[in-house]
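S.K.: Below is the file work39.tsv, with TSV, C-alpha atoms.
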chain	number	residue	atom	x	y	z
A	1	LEU	CA	-187.28	90.46	-48.13
A	2	ALA	CA	-184.14	89.83	-50.20
A	3	THR	CA	-182.93	93.34	-49.32
A	4	VAL	CA	-183.25	92.59	-45.60
A	5	ALA	CA	-181.32	89.32	-45.99
A	6	THR	CA	-178.57	91.13	-47.89
A	7	ARG	CA	-178.13	93.57	-45.00
A	8	VAL	CA	-178.20	90.90	-42.31
A	9	ILE	CA	-175.77	88.39	-43.82
A	10	PRO	CA	-172.62	90.60	-43.73
A	11	THR	CA	-173.38	91.60	-40.12
A	12	ILE	CA	-173.69	87.98	-39.04
A	13	ALA	CA	-170.59	86.92	-40.96
A	14	ALA	CA	-168.52	89.71	-39.41
A	15	THR	CA	-169.44	88.75	-35.86
A	16	GLU	CA	-169.44	84.98	-36.24
A	17	TYR	CA	-165.67	84.65	-35.84
A	18	THR	CA	-164.90	84.62	-32.11
A	19	MET	CA	-161.86	84.28	-29.84
A	20	ALA	CA	-162.84	80.61	-29.38
A	21	ASP	CA	-162.65	80.15	-33.16
A	22	LEU	CA	-159.25	81.85	-33.25
A	23	GLU	CA	-157.96	79.67	-30.40
A	24	ALA	CA	-159.36	76.54	-32.08
A	25	MET	CA	-157.23	77.26	-35.18
A	26	PHE	CA	-154.18	76.72	-32.98
A	27	SER	CA	-155.44	74.02	-30.60
A	28	SER	CA	-156.63	71.75	-33.42
A	29	VAL	CA	-153.50	71.81	-35.60
A	30	GLN	CA	-152.31	68.58	-37.18
A	31	PRO	CA	-148.58	68.25	-37.98
A	32	ASP	CA	-147.65	67.17	-41.50
A	33	SER	CA	-145.46	64.11	-42.17
A	34	SER	CA	-142.30	66.07	-41.30
A	35	GLY	CA	-143.73	67.21	-37.95
A	36	SER	CA	-144.29	70.79	-39.09
A	37	VAL	CA	-147.34	72.89	-38.37
A	38	SER	CA	-148.50	76.04	-40.12
A	39	VAL	CA	-151.37	78.30	-39.08
A	40	THR	CA	-152.40	81.30	-41.17
A	41	ILE	CA	-154.89	83.88	-39.98
A	42	THR	CA	-156.16	87.03	-41.64
A	43	ASP	CA	-156.49	90.45	-40.07
A	44	ASP	CA	-160.23	90.18	-40.79
A	45	GLN	CA	-160.42	87.05	-38.61
A	46	LEU	CA	-158.56	88.77	-35.77
A	47	ASN	CA	-160.71	91.90	-36.07
A	48	SER	CA	-163.91	89.86	-36.01
A	49	ALA	CA	-162.77	87.96	-32.90
A	50	VAL	CA	-161.75	91.18	-31.10
A	51	ALA	CA	-165.05	92.86	-32.04
A	52	ALA	CA	-166.98	89.84	-30.73
A	53	ALA	CA	-165.02	89.98	-27.45
A	54	GLN	CA	-165.59	93.73	-27.08
A	55	SER	CA	-169.30	93.32	-27.71
A	56	THR	CA	-169.49	91.01	-24.69
A	57	GLY	CA	-167.55	93.43	-22.50
A	58	GLN	CA	-164.20	91.64	-22.76
A	59	GLY	CA	-161.06	92.93	-24.35
A	60	ALA	CA	-159.74	96.35	-25.15
A	61	GLY	CA	-161.03	98.34	-22.15
A	62	GLN	CA	-160.09	101.99	-22.70
A	63	ILE	CA	-159.44	101.50	-26.42
A	64	GLN	CA	-162.59	101.32	-28.52
A	65	ASN	CA	-163.20	100.47	-32.19
A	66	VAL	CA	-159.98	98.45	-32.31
A	67	LEU	CA	-158.80	97.52	-35.78
A	68	PHE	CA	-155.74	95.41	-36.60
A	69	THR	CA	-154.06	95.56	-39.99
A	70	PHE	CA	-151.35	93.10	-41.00
A	71	VAL	CA	-148.66	94.71	-43.17
A	72	SER	CA	-145.29	93.39	-44.26
A	73	GLY	CA	-143.43	92.54	-41.03
A	74	ALA	CA	-145.79	94.33	-38.64
A	75	ILE	CA	-149.19	94.51	-36.99
A	76	VAL	CA	-150.77	97.96	-36.94
A	77	MET	CA	-153.41	98.49	-34.26
A	78	SER	CA	-155.65	101.52	-34.31
A	79	GLY	CA	-158.45	102.52	-32.00
A	80	ASP	CA	-160.19	105.42	-30.32
A	81	VAL	CA	-159.24	106.55	-26.81
A	82	THR	CA	-160.92	109.11	-24.58
A	83	GLN	CA	-158.24	109.40	-21.89
A	84	PRO	CA	-155.96	111.37	-21.46
A	85	ILE	CA	-157.35	113.03	-24.60
A	86	GLN	CA	-159.94	112.03	-27.15
A	87	ALA	CA	-157.88	110.93	-30.15
A	88	ARG	CA	-157.07	108.10	-32.54
A	89	LEU	CA	-154.39	105.75	-31.23
A	90	THR	CA	-152.10	103.97	-33.67
A	91	VAL	CA	-149.52	101.44	-32.48
A	92	THR	CA	-147.23	99.36	-34.69
A	93	PHE	CA	-146.06	96.02	-33.30
A	94	SER	CA	-143.30	93.78	-34.60
A	95	PRO	CA	-144.11	90.16	-33.68
A	96	TYR	CA	-141.44	87.55	-32.97
A	97	VAL	CA	-141.05	84.21	-31.21
A	98	VAL	CA	-138.72	83.54	-28.25
A	99	ASN	CA	-138.59	80.10	-26.63
A	100	GLY	CA	-141.86	79.11	-28.28
A	101	VAL	CA	-143.73	82.20	-27.06
A	102	LEU	CA	-145.20	84.87	-29.33
A	103	GLN	CA	-144.02	88.32	-28.29
A	104	PHE	CA	-144.41	91.85	-29.61
A	105	ASP	CA	-142.13	94.90	-29.77
A	106	ILE	CA	-143.77	98.29	-30.12
A	107	THR	CA	-141.95	100.00	-32.97
A	108	GLN	CA	-144.12	103.10	-33.33
A	109	ALA	CA	-147.01	104.74	-31.51
A	110	SER	CA	-149.05	107.91	-31.87
A	111	LEU	CA	-152.00	109.46	-30.06
A	112	GLY	CA	-153.18	112.66	-31.65
A	113	ASN	CA	-150.43	115.22	-31.12
A	114	ILE	CA	-149.24	114.03	-27.69
A	115	GLN	CA	-146.74	111.40	-26.60
A	116	VAL	CA	-148.55	108.12	-25.96
A	117	PRO	CA	-148.74	107.54	-22.19
A	118	PRO	CA	-147.17	104.27	-20.96
A	119	ALA	CA	-150.54	103.09	-19.57
A	120	THR	CA	-152.12	103.45	-23.02
A	121	LEU	CA	-149.28	101.50	-24.63
A	122	THR	CA	-149.71	98.81	-21.98
A	123	GLN	CA	-153.43	98.65	-22.76
A	124	ALA	CA	-152.68	98.30	-26.49
A	125	GLU	CA	-150.20	95.50	-25.82
A	126	THR	CA	-152.68	93.79	-23.47
A	127	THR	CA	-155.31	93.89	-26.22
A	128	LEU	CA	-152.97	92.19	-28.66
A	129	ASN	CA	-151.76	89.63	-26.10
A	130	SER	CA	-155.27	88.77	-24.91
A	131	SER	CA	-156.35	88.05	-28.47
A	132	LEU	CA	-153.55	86.93	-30.77
A	133	GLY	CA	-151.06	86.02	-28.02
A	134	ASN	CA	-153.66	83.92	-26.22
A	135	ALA	CA	-154.69	82.14	-29.41
A	136	ALA	CA	-151.08	81.31	-30.36
A	137	SER	CA	-150.51	79.82	-26.89
A	138	GLN	CA	-153.26	77.24	-27.54
A	139	LEU	CA	-150.99	74.96	-29.57
A	140	PRO	CA	-151.03	71.34	-28.36
A	141	ALA	CA	-148.48	70.54	-25.63
A	142	ASN	CA	-146.25	68.59	-28.03
A	143	VAL	CA	-146.04	71.48	-30.54
A	144	THR	CA	-143.73	74.49	-30.14
A	145	LEU	CA	-144.14	77.79	-31.94
A	146	GLN	CA	-141.03	78.53	-34.01
A	147	SER	CA	-141.64	81.62	-36.11
A	148	VAL	CA	-144.17	84.17	-37.28
A	149	ILE	CA	-144.30	86.00	-40.60
A	150	VAL	CA	-146.59	88.95	-41.28
A	151	ALA	CA	-147.54	89.93	-44.82
A	152	ASP	CA	-150.27	92.17	-46.18
A	153	GLY	CA	-153.52	90.92	-44.66
A	154	VAL	CA	-152.17	87.60	-43.35
A	155	MET	CA	-150.00	86.26	-40.55
A	156	THR	CA	-148.47	82.80	-40.73
A	157	PHE	CA	-147.20	80.90	-37.72
A	158	THR	CA	-144.90	77.92	-38.05
A	159	ALA	CA	-144.37	75.36	-35.34
A	160	GLY	CA	-142.91	71.92	-34.91
A	161	VAL	CA	-143.54	68.80	-32.91
A	162	ASN	CA	-141.26	68.57	-29.86
Would you encode the structure as structure tokens?
M.R.:
Amino acid sequence: LATVATRVIPTIAATEYTMADLEAMFSSVQPDSSGSVSVTITDDQLNSAVAAAQSTGQGAGQIQNVLFTFVSGAIVMSGDVTQPIQARLTVTFSPYVVNGVLQFDITQASLGNIQVPPATLTQAETTLNSSLGNAASQLPANVTLQSVIVADGVMTFTAGVN
């Protein structure tokens, strides 16, 4: 019985973190005495939320087994595609904030040994926007996103009260 519980617990923990949980991290922020807000998420939290969304039929569409890794200054997304070829897709995004909105530049992309088609890059960007971008936009109306910093395994957002 203990062996069964040991197998079940990690599975439950990995799928318990949802997009709603990710969004709640932003929507429930409380500014400190100086009016500043900081939200830190891990790549594990983002991956769990994306996996939960994919399991319910939402999310990545043509890109399966999506995995995000936060590295110094960038977000690396990898996943499996079947069209136009069956291959592993890897896209590196550089996040930044403009006028209070989280945005992403694609700095590198690969798909097997072919050039990544624009539609596949669009799908990758949509996946990131529909998860992390959506969550970051849930800040309360009186709070504006100011910056984002990515380090190994974590991403920290700073914001301020308007």
S.K.: Can you pull out every residue within 12 Å of stretch 79-88 of chain A, counting all atoms listed in the file, but drop anything in the same chain fewer than 2 positions away, and send it as number ranges by chain?
M.R.: A: 47, 50-51, 60-69, 76-77, 90-92, 109-121, 123-124, 127
S.K.: Any idea what's packed within 6 Å of stretch 133-149 of chain A, counting all atoms listed in the file, ignoring anything in its chain fewer than 6 positions away? Could you give it as a CSV table (one decimal) with C-alpha atoms, in the frame of the given file?
M.R.:
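Once written, selection39.csv looks like this:
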chain,number,residue,atom,x,y,z
A,22,LEU,CA,-159.2,81.8,-33.2
A,23,GLU,CA,-158.0,79.7,-30.4
A,26,PHE,CA,-154.2,76.7,-33.0
A,27,SER,CA,-155.4,74.0,-30.6
A,97,VAL,CA,-141.0,84.2,-31.2
A,100,GLY,CA,-141.9,79.1,-28.3
A,155,MET,CA,-150.0,86.3,-40.6
A,156,THR,CA,-148.5,82.8,-40.7
A,157,PHE,CA,-147.2,80.9,-37.7
A,158,THR,CA,-144.9,77.9,-38.0
A,159,ALA,CA,-144.4,75.4,-35.3
A,160,GLY,CA,-142.9,71.9,-34.9
A,161,VAL,CA,-143.5,68.8,-32.9
A,162,ASN,CA,-141.3,68.6,-29.9
S.K.: Separation of atom CA of A:Ser131 and atom CA of A:Leu102, in Å?
M.R.: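 Computing it gives 11.6 Å between the two atoms.
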S.K.: If you measure from atom CA of A:Met25 to atom CA of A:Ile106, what distance in Å do you get, rounded to one decimal?
M.R.: 25.5 Å
S.K.: Go through A:Val154, A:Val71, A:Val29, A:Leu89 and flag the residue nearest A:Leu46, using all atoms listed in the file for the distances.
M.R.: A:Val154
S.K.: So how many Å separate atom CA of A:Asp105 and atom CA of A:Ser78, to one decimal?
M.R.: 15.7 Å
S.K.: When you look at A:Ala49 with a cut-off of 9 Å (counting only C-alpha atoms), what residues show up, excluding the ones that are within fewer than 2 positions of it in the same chain? I need them as a PyMOL selection string.
M.R.: chain A and resi 14-22+44-47+51-54+131
